[in-house]
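For reference, data_1.cif (mmCIF, N, CA and C atoms):
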data_structure
loop_
_atom_site.label_atom_id
_atom_site.label_comp_id
_atom_site.auth_asym_id
_atom_site.auth_seq_id
_atom_site.Cartn_x
_atom_site.Cartn_y
_atom_site.Cartn_z
N MET A 1138 3.63 -47.27 -82.98
CA MET A 1138 4.22 -48.48 -82.45
C MET A 1138 3.13 -49.31 -81.80
N ALA A 1139 2.92 -50.50 -82.28
CA ALA A 1139 1.87 -51.38 -81.77
C ALA A 1139 2.39 -52.17 -80.58
N SER A 1140 1.60 -52.20 -79.55
CA SER A 1140 1.98 -52.99 -78.39
C SER A 1140 1.40 -54.39 -78.52
N ALA A 1141 2.06 -55.33 -77.88
CA ALA A 1141 1.58 -56.71 -77.93
C ALA A 1141 0.26 -56.83 -77.18
N LYS A 1142 -0.67 -57.52 -77.78
CA LYS A 1142 -1.97 -57.72 -77.13
C LYS A 1142 -1.82 -58.77 -76.04
N PRO A 1143 -2.41 -58.53 -74.88
CA PRO A 1143 -2.29 -59.51 -73.79
C PRO A 1143 -2.99 -60.82 -74.15
N THR A 1144 -2.40 -61.90 -73.71
CA THR A 1144 -3.00 -63.22 -73.96
C THR A 1144 -3.63 -63.78 -72.70
N GLN A 1145 -3.37 -63.16 -71.59
CA GLN A 1145 -3.93 -63.59 -70.31
C GLN A 1145 -4.89 -62.52 -69.79
N PRO A 1146 -5.90 -62.93 -69.04
CA PRO A 1146 -6.81 -61.94 -68.46
C PRO A 1146 -6.04 -60.97 -67.56
N PRO A 1147 -6.49 -59.73 -67.47
CA PRO A 1147 -5.83 -58.78 -66.58
C PRO A 1147 -5.93 -59.24 -65.13
N ALA A 1148 -5.00 -58.78 -64.32
CA ALA A 1148 -5.00 -59.15 -62.91
C ALA A 1148 -6.33 -58.74 -62.27
N GLY A 1149 -6.90 -59.64 -61.52
CA GLY A 1149 -8.15 -59.36 -60.82
C GLY A 1149 -9.40 -59.66 -61.65
N ALA A 1150 -9.24 -59.92 -62.94
CA ALA A 1150 -10.40 -60.23 -63.78
C ALA A 1150 -10.79 -61.69 -63.55
N ASP A 1151 -12.08 -61.91 -63.35
CA ASP A 1151 -12.56 -63.27 -63.14
C ASP A 1151 -13.59 -63.60 -64.21
N PHE A 1152 -13.14 -64.35 -65.18
CA PHE A 1152 -14.03 -64.75 -66.25
C PHE A 1152 -14.54 -66.17 -66.04
N ASN A 1153 -14.26 -66.75 -64.89
CA ASN A 1153 -14.66 -68.13 -64.62
C ASN A 1153 -16.18 -68.30 -64.68
N ALA A 1154 -16.91 -67.33 -64.15
CA ALA A 1154 -18.37 -67.42 -64.15
C ALA A 1154 -18.90 -67.40 -65.59
N LEU A 1155 -18.33 -66.54 -66.41
CA LEU A 1155 -18.75 -66.47 -67.81
C LEU A 1155 -18.43 -67.78 -68.53
N VAL A 1156 -17.22 -68.28 -68.34
CA VAL A 1156 -16.82 -69.53 -68.99
C VAL A 1156 -17.70 -70.68 -68.52
N SER A 1157 -17.98 -70.73 -67.24
CA SER A 1157 -18.83 -71.80 -66.71
C SER A 1157 -20.23 -71.76 -67.33
N LYS A 1158 -20.81 -70.57 -67.42
CA LYS A 1158 -22.15 -70.42 -67.97
C LYS A 1158 -22.17 -70.81 -69.46
N VAL A 1159 -21.17 -70.35 -70.21
CA VAL A 1159 -21.12 -70.68 -71.63
C VAL A 1159 -20.94 -72.18 -71.82
N ASN A 1160 -20.07 -72.79 -71.02
CA ASN A 1160 -19.86 -74.24 -71.13
C ASN A 1160 -21.12 -75.01 -70.75
N GLU A 1161 -21.84 -74.52 -69.76
CA GLU A 1161 -23.11 -75.16 -69.36
C GLU A 1161 -24.12 -75.11 -70.50
N LEU A 1162 -24.23 -73.92 -71.15
CA LEU A 1162 -25.15 -73.78 -72.28
C LEU A 1162 -24.70 -74.64 -73.46
N ALA A 1163 -23.39 -74.73 -73.66
CA ALA A 1163 -22.87 -75.56 -74.75
C ALA A 1163 -23.21 -77.03 -74.52
N LYS A 1164 -23.09 -77.46 -73.29
CA LYS A 1164 -23.40 -78.86 -72.95
C LYS A 1164 -24.87 -79.15 -73.23
N LYS A 1165 -25.75 -78.22 -72.84
CA LYS A 1165 -27.18 -78.38 -73.09
C LYS A 1165 -27.48 -78.43 -74.59
N ALA A 1166 -26.72 -77.66 -75.37
CA ALA A 1166 -26.94 -77.61 -76.81
C ALA A 1166 -26.24 -78.75 -77.54
N GLY A 1167 -25.43 -79.50 -76.82
CA GLY A 1167 -24.74 -80.62 -77.43
C GLY A 1167 -23.52 -80.24 -78.25
N ILE A 1168 -22.91 -79.10 -77.93
CA ILE A 1168 -21.69 -78.69 -78.63
C ILE A 1168 -20.53 -78.68 -77.65
N SER A 1169 -19.34 -78.60 -78.19
CA SER A 1169 -18.15 -78.69 -77.34
C SER A 1169 -17.97 -77.42 -76.51
N PRO A 1170 -17.36 -77.55 -75.33
CA PRO A 1170 -17.14 -76.38 -74.48
C PRO A 1170 -16.06 -75.47 -75.06
N LEU A 1171 -15.89 -74.32 -74.45
CA LEU A 1171 -14.88 -73.36 -74.90
C LEU A 1171 -13.49 -73.95 -74.76
N SER A 1172 -12.68 -73.72 -75.77
CA SER A 1172 -11.29 -74.18 -75.72
C SER A 1172 -10.45 -73.15 -74.96
N ALA A 1173 -9.24 -73.54 -74.61
CA ALA A 1173 -8.33 -72.64 -73.91
C ALA A 1173 -8.00 -71.43 -74.77
N THR A 1174 -7.93 -71.62 -76.08
CA THR A 1174 -7.65 -70.52 -76.99
C THR A 1174 -8.76 -69.48 -76.94
N ILE A 1175 -9.98 -69.95 -76.98
CA ILE A 1175 -11.13 -69.03 -76.92
C ILE A 1175 -11.19 -68.33 -75.57
N ILE A 1176 -10.97 -69.09 -74.51
CA ILE A 1176 -11.00 -68.50 -73.16
C ILE A 1176 -9.96 -67.39 -73.05
N GLY A 1177 -8.81 -67.58 -73.68
CA GLY A 1177 -7.75 -66.56 -73.66
C GLY A 1177 -8.13 -65.29 -74.41
N LYS A 1178 -9.11 -65.40 -75.31
CA LYS A 1178 -9.54 -64.23 -76.10
C LYS A 1178 -10.65 -63.44 -75.43
N ILE A 1179 -11.20 -63.93 -74.34
CA ILE A 1179 -12.32 -63.25 -73.67
C ILE A 1179 -11.95 -61.83 -73.25
N PRO A 1180 -10.78 -61.58 -72.66
CA PRO A 1180 -10.46 -60.19 -72.29
C PRO A 1180 -10.45 -59.24 -73.50
N ALA A 1181 -9.92 -59.71 -74.62
CA ALA A 1181 -9.91 -58.86 -75.82
C ALA A 1181 -11.34 -58.62 -76.31
N TRP A 1182 -12.18 -59.65 -76.24
CA TRP A 1182 -13.59 -59.51 -76.63
C TRP A 1182 -14.27 -58.47 -75.74
N LYS A 1183 -13.98 -58.52 -74.44
CA LYS A 1183 -14.57 -57.56 -73.50
C LYS A 1183 -14.13 -56.13 -73.85
N ARG A 1184 -12.85 -55.96 -74.19
CA ARG A 1184 -12.36 -54.63 -74.57
C ARG A 1184 -13.01 -54.17 -75.87
N TRP A 1185 -13.25 -55.11 -76.81
CA TRP A 1185 -13.89 -54.75 -78.07
C TRP A 1185 -15.33 -54.30 -77.83
N VAL A 1186 -16.07 -55.05 -77.00
CA VAL A 1186 -17.46 -54.68 -76.69
C VAL A 1186 -17.51 -53.30 -76.04
N GLY A 1187 -16.59 -53.04 -75.12
CA GLY A 1187 -16.59 -51.76 -74.42
C GLY A 1187 -15.87 -50.65 -75.15
N GLY A 1188 -15.19 -50.95 -76.25
CA GLY A 1188 -14.45 -49.92 -76.98
C GLY A 1188 -13.26 -49.42 -76.18
N GLU A 1189 -12.61 -50.31 -75.48
CA GLU A 1189 -11.51 -49.92 -74.60
C GLU A 1189 -10.15 -50.17 -75.26
N LYS A 1190 -9.16 -49.45 -74.79
CA LYS A 1190 -7.75 -49.60 -75.20
C LYS A 1190 -7.60 -49.64 -76.71
N GLU A 1191 -7.11 -50.75 -77.25
CA GLU A 1191 -6.82 -50.81 -78.69
C GLU A 1191 -8.06 -50.73 -79.56
N TYR A 1192 -9.24 -50.87 -78.96
CA TYR A 1192 -10.50 -50.81 -79.71
C TYR A 1192 -11.22 -49.48 -79.52
N ASP A 1193 -10.54 -48.50 -78.95
CA ASP A 1193 -11.15 -47.20 -78.71
C ASP A 1193 -11.57 -46.59 -80.05
N GLY A 1194 -12.83 -46.29 -80.19
CA GLY A 1194 -13.37 -45.71 -81.41
C GLY A 1194 -13.85 -46.73 -82.42
N THR A 1195 -13.51 -48.00 -82.23
CA THR A 1195 -13.93 -49.03 -83.18
C THR A 1195 -14.66 -50.18 -82.51
N GLY A 1196 -14.84 -50.10 -81.21
CA GLY A 1196 -15.51 -51.17 -80.48
C GLY A 1196 -17.01 -51.16 -80.70
N LEU A 1197 -17.66 -52.21 -80.24
CA LEU A 1197 -19.10 -52.37 -80.41
C LEU A 1197 -19.85 -51.19 -79.80
N ARG A 1198 -19.46 -50.77 -78.60
CA ARG A 1198 -20.13 -49.65 -77.95
C ARG A 1198 -20.05 -48.39 -78.81
N ASP A 1199 -18.89 -48.14 -79.40
CA ASP A 1199 -18.71 -46.94 -80.22
C ASP A 1199 -19.57 -47.00 -81.49
N VAL A 1200 -19.64 -48.19 -82.09
CA VAL A 1200 -20.43 -48.35 -83.31
C VAL A 1200 -21.92 -48.17 -83.01
N VAL A 1201 -22.39 -48.77 -81.92
CA VAL A 1201 -23.80 -48.63 -81.55
C VAL A 1201 -24.12 -47.17 -81.22
N ASN A 1202 -23.21 -46.51 -80.52
CA ASN A 1202 -23.41 -45.10 -80.19
C ASN A 1202 -23.48 -44.25 -81.47
N SER A 1203 -22.60 -44.53 -82.41
CA SER A 1203 -22.60 -43.79 -83.67
C SER A 1203 -23.92 -43.96 -84.41
N HIS A 1204 -24.43 -45.18 -84.44
CA HIS A 1204 -25.71 -45.43 -85.11
C HIS A 1204 -26.85 -44.72 -84.37
N GLY A 1205 -26.76 -44.68 -83.05
CA GLY A 1205 -27.77 -43.96 -82.28
C GLY A 1205 -27.79 -42.48 -82.61
N VAL A 1206 -26.62 -41.90 -82.75
CA VAL A 1206 -26.52 -40.48 -83.11
C VAL A 1206 -27.11 -40.26 -84.50
N GLN A 1207 -26.80 -41.17 -85.44
CA GLN A 1207 -27.37 -41.05 -86.78
C GLN A 1207 -28.89 -41.17 -86.76
N LEU A 1208 -29.41 -42.09 -85.96
CA LEU A 1208 -30.86 -42.24 -85.87
C LEU A 1208 -31.52 -41.00 -85.27
N ASP A 1209 -30.86 -40.38 -84.29
CA ASP A 1209 -31.39 -39.14 -83.73
C ASP A 1209 -31.48 -38.06 -84.80
N GLY A 1210 -30.44 -37.98 -85.64
CA GLY A 1210 -30.46 -37.01 -86.73
C GLY A 1210 -31.57 -37.29 -87.72
N MET A 1211 -31.79 -38.56 -88.03
CA MET A 1211 -32.88 -38.94 -88.94
C MET A 1211 -34.23 -38.58 -88.34
N LYS A 1212 -34.38 -38.82 -87.04
CA LYS A 1212 -35.64 -38.50 -86.38
C LYS A 1212 -35.91 -37.00 -86.45
N THR A 1213 -34.87 -36.21 -86.26
CA THR A 1213 -35.02 -34.76 -86.36
C THR A 1213 -35.47 -34.37 -87.76
N ASN A 1214 -34.83 -34.97 -88.78
CA ASN A 1214 -35.22 -34.68 -90.17
C ASN A 1214 -36.66 -35.09 -90.43
N ILE A 1215 -37.06 -36.24 -89.92
CA ILE A 1215 -38.44 -36.71 -90.12
C ILE A 1215 -39.42 -35.75 -89.45
N ASP A 1216 -39.08 -35.30 -88.24
CA ASP A 1216 -39.95 -34.35 -87.54
C ASP A 1216 -40.10 -33.05 -88.33
N VAL A 1217 -38.98 -32.55 -88.87
CA VAL A 1217 -39.02 -31.30 -89.65
C VAL A 1217 -39.88 -31.50 -90.90
N HIS A 1218 -39.68 -32.61 -91.60
CA HIS A 1218 -40.46 -32.87 -92.82
C HIS A 1218 -41.93 -33.09 -92.50
N SER A 1219 -42.22 -33.76 -91.42
CA SER A 1219 -43.61 -33.98 -91.03
C SER A 1219 -44.31 -32.65 -90.76
N GLN A 1220 -43.61 -31.75 -90.07
CA GLN A 1220 -44.18 -30.44 -89.79
C GLN A 1220 -44.42 -29.67 -91.09
N ALA A 1221 -43.48 -29.78 -92.02
CA ALA A 1221 -43.64 -29.09 -93.31
C ALA A 1221 -44.84 -29.64 -94.08
N ILE A 1222 -45.06 -30.94 -94.03
CA ILE A 1222 -46.21 -31.56 -94.70
C ILE A 1222 -47.51 -31.06 -94.09
N ILE A 1223 -47.54 -30.98 -92.76
CA ILE A 1223 -48.74 -30.47 -92.08
C ILE A 1223 -49.03 -29.04 -92.51
N GLU A 1224 -47.98 -28.22 -92.58
CA GLU A 1224 -48.17 -26.82 -92.99
C GLU A 1224 -48.62 -26.72 -94.45
N LEU A 1225 -48.07 -27.56 -95.32
CA LEU A 1225 -48.50 -27.56 -96.72
C LEU A 1225 -49.96 -27.97 -96.86
N ARG A 1226 -50.37 -28.96 -96.09
CA ARG A 1226 -51.78 -29.39 -96.14
C ARG A 1226 -52.69 -28.26 -95.70
N ALA A 1227 -52.26 -27.51 -94.67
CA ALA A 1227 -53.06 -26.37 -94.20
C ALA A 1227 -53.14 -25.31 -95.28
N ASP A 1228 -52.01 -25.08 -96.00
CA ASP A 1228 -52.01 -24.09 -97.09
C ASP A 1228 -52.95 -24.53 -98.21
N VAL A 1229 -52.92 -25.80 -98.57
CA VAL A 1229 -53.80 -26.32 -99.62
C VAL A 1229 -55.25 -26.17 -99.20
N GLN A 1230 -55.55 -26.48 -97.96
CA GLN A 1230 -56.93 -26.36 -97.45
C GLN A 1230 -57.38 -24.90 -97.50
N ALA A 1231 -56.48 -23.99 -97.12
CA ALA A 1231 -56.84 -22.57 -97.16
C ALA A 1231 -57.09 -22.11 -98.59
N LEU A 1232 -56.29 -22.60 -99.53
CA LEU A 1232 -56.50 -22.23 -100.94
C LEU A 1232 -57.81 -22.78 -101.47
N GLN A 1233 -58.17 -23.98 -101.06
CA GLN A 1233 -59.43 -24.57 -101.51
C GLN A 1233 -60.63 -23.83 -100.96
N GLU A 1234 -60.48 -23.28 -99.77
CA GLU A 1234 -61.60 -22.56 -99.14
C GLU A 1234 -61.65 -21.09 -99.54
N ALA A 1235 -60.62 -20.59 -100.20
CA ALA A 1235 -60.58 -19.18 -100.60
C ALA A 1235 -61.61 -18.92 -101.68
N PRO A 1236 -62.12 -17.70 -101.72
CA PRO A 1236 -63.09 -17.37 -102.78
C PRO A 1236 -62.42 -17.46 -104.15
N ALA A 1237 -63.26 -17.71 -105.14
CA ALA A 1237 -62.75 -17.83 -106.51
C ALA A 1237 -62.11 -16.51 -106.94
N PRO A 1238 -61.05 -16.58 -107.69
CA PRO A 1238 -60.40 -15.33 -108.12
C PRO A 1238 -61.29 -14.57 -109.08
N ARG A 1239 -61.19 -13.26 -109.00
CA ARG A 1239 -61.96 -12.40 -109.91
C ARG A 1239 -61.03 -11.93 -111.02
N PRO A 1240 -61.58 -11.78 -112.20
CA PRO A 1240 -60.71 -11.30 -113.29
C PRO A 1240 -60.23 -9.88 -113.02
N PHE A 1241 -59.08 -9.58 -113.52
CA PHE A 1241 -58.51 -8.24 -113.36
C PHE A 1241 -59.24 -7.28 -114.29
N PRO A 1242 -59.65 -6.11 -113.76
CA PRO A 1242 -60.46 -5.20 -114.64
C PRO A 1242 -59.69 -4.63 -115.81
#
Starting from the file, lay out its structure as structure tokens.
Amino acid sequence: MASAKPTQPPAGADFNALVSKVNELAKKAGISPLSATIIGKIPAWKRWVGGEKEYDGTGLRDVVNSHGVQLDGMKTNIDVHSQAIIELRADVQALQEAPAPRPFP
């Protein structure tokens, strides 16, 4: 059962500073300020960034965390392969320095 998404900021949330800063930057860039519709979506955007409530598991924070975990796994694989390459080079060097094989009598 899906609950209705809030259209107003939660009680106690003050997005006025954010809206003021964005509108100030928009004015400097020569574009129109935020509309009331966009301002009403700021709480949902904040929940999406934080992966909160209806965005749990699909928010920006969750996606970035997932990619971080994948990168850690890749780094581990790279470290393991790098070590294997170093060991193979040492084996090749040892074989090159080994005395020539003698024929079997």
Looking only at the backbone, which of the residues in region 1140-1223 of chain A does DSSP tag as helix (DSSP H, G or I), as a ChimeraX atom specification? /A:1153-1166,1173-1187,1190-1192,1197-1223
Rounded to one decimal place, report the CA of Pro1170 (chain A)-CA of Ser1157 (chain A) distance in Å. 9.2 Å
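Taking CA of Ala1235 (chain A) and atom C of Val1217 (chain A) as endpoints, the distance between them is 26.0 Å.
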So how far away is CA of Leu1232 (chain A) from atom C of Asp1216 (chain A), in Å? 23.3 Å
Taking the file as I've supplied it (selection: the PyMOL selection byres (((chain A and resi 1198-1206 and name CA) around 10) and name CA)), which residues are included? Please answer as a compact mmCIF listing (two decimals) with N, CA and C atoms, in the frame of the given file.
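Final output, saved to selection-v8.txt:
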# COMPACT_ATOMS: atom_id res chain seq x y z
N ARG A 1184 -12.85 -55.96 -74.19
CA ARG A 1184 -12.36 -54.63 -74.57
C ARG A 1184 -13.01 -54.17 -75.87
N TRP A 1185 -13.25 -55.11 -76.81
CA TRP A 1185 -13.89 -54.75 -78.07
C TRP A 1185 -15.33 -54.30 -77.83
N VAL A 1186 -16.07 -55.05 -77.00
CA VAL A 1186 -17.46 -54.68 -76.69
C VAL A 1186 -17.51 -53.30 -76.04
N GLY A 1187 -16.59 -53.04 -75.12
CA GLY A 1187 -16.59 -51.76 -74.42
C GLY A 1187 -15.87 -50.65 -75.15
N GLY A 1188 -15.19 -50.95 -76.25
CA GLY A 1188 -14.45 -49.92 -76.98
C GLY A 1188 -13.26 -49.42 -76.18
N GLU A 1189 -12.61 -50.31 -75.48
CA GLU A 1189 -11.51 -49.92 -74.60
C GLU A 1189 -10.15 -50.17 -75.26
N TYR A 1192 -9.24 -50.87 -78.96
CA TYR A 1192 -10.50 -50.81 -79.71
C TYR A 1192 -11.22 -49.48 -79.52
N ASP A 1193 -10.54 -48.50 -78.95
CA ASP A 1193 -11.15 -47.20 -78.71
C ASP A 1193 -11.57 -46.59 -80.05
N GLY A 1194 -12.83 -46.29 -80.19
CA GLY A 1194 -13.37 -45.71 -81.41
C GLY A 1194 -13.85 -46.73 -82.42
N THR A 1195 -13.51 -48.00 -82.23
CA THR A 1195 -13.93 -49.03 -83.18
C THR A 1195 -14.66 -50.18 -82.51
N GLY A 1196 -14.84 -50.10 -81.21
CA GLY A 1196 -15.51 -51.17 -80.48
C GLY A 1196 -17.01 -51.16 -80.70
N LEU A 1197 -17.66 -52.21 -80.24
CA LEU A 1197 -19.10 -52.37 -80.41
C LEU A 1197 -19.85 -51.19 -79.80
N GLN A 1207 -26.80 -41.17 -85.44
CA GLN A 1207 -27.37 -41.05 -86.78
C GLN A 1207 -28.89 -41.17 -86.76
N LEU A 1208 -29.41 -42.09 -85.96
CA LEU A 1208 -30.86 -42.24 -85.87
C LEU A 1208 -31.52 -41.00 -85.27
N ASP A 1209 -30.86 -40.38 -84.29
CA ASP A 1209 -31.39 -39.14 -83.73
C ASP A 1209 -31.48 -38.06 -84.80
N GLY A 1210 -30.44 -37.98 -85.64
CA GLY A 1210 -30.46 -37.01 -86.73
C GLY A 1210 -31.57 -37.29 -87.72
N MET A 1211 -31.79 -38.56 -88.03
CA MET A 1211 -32.88 -38.94 -88.94
C MET A 1211 -34.23 -38.58 -88.34
N LYS A 1212 -34.38 -38.82 -87.04
CA LYS A 1212 -35.64 -38.50 -86.38
C LYS A 1212 -35.91 -37.00 -86.45
Counting only N, CA and C atoms, note down every residue that has an atom within 8 Å of the point (-14.7, -68.1, -69.4) (file coordinates), as a VMD selection string. chain A and resid 1151 to 1160 1171 1175 to 1177 1179
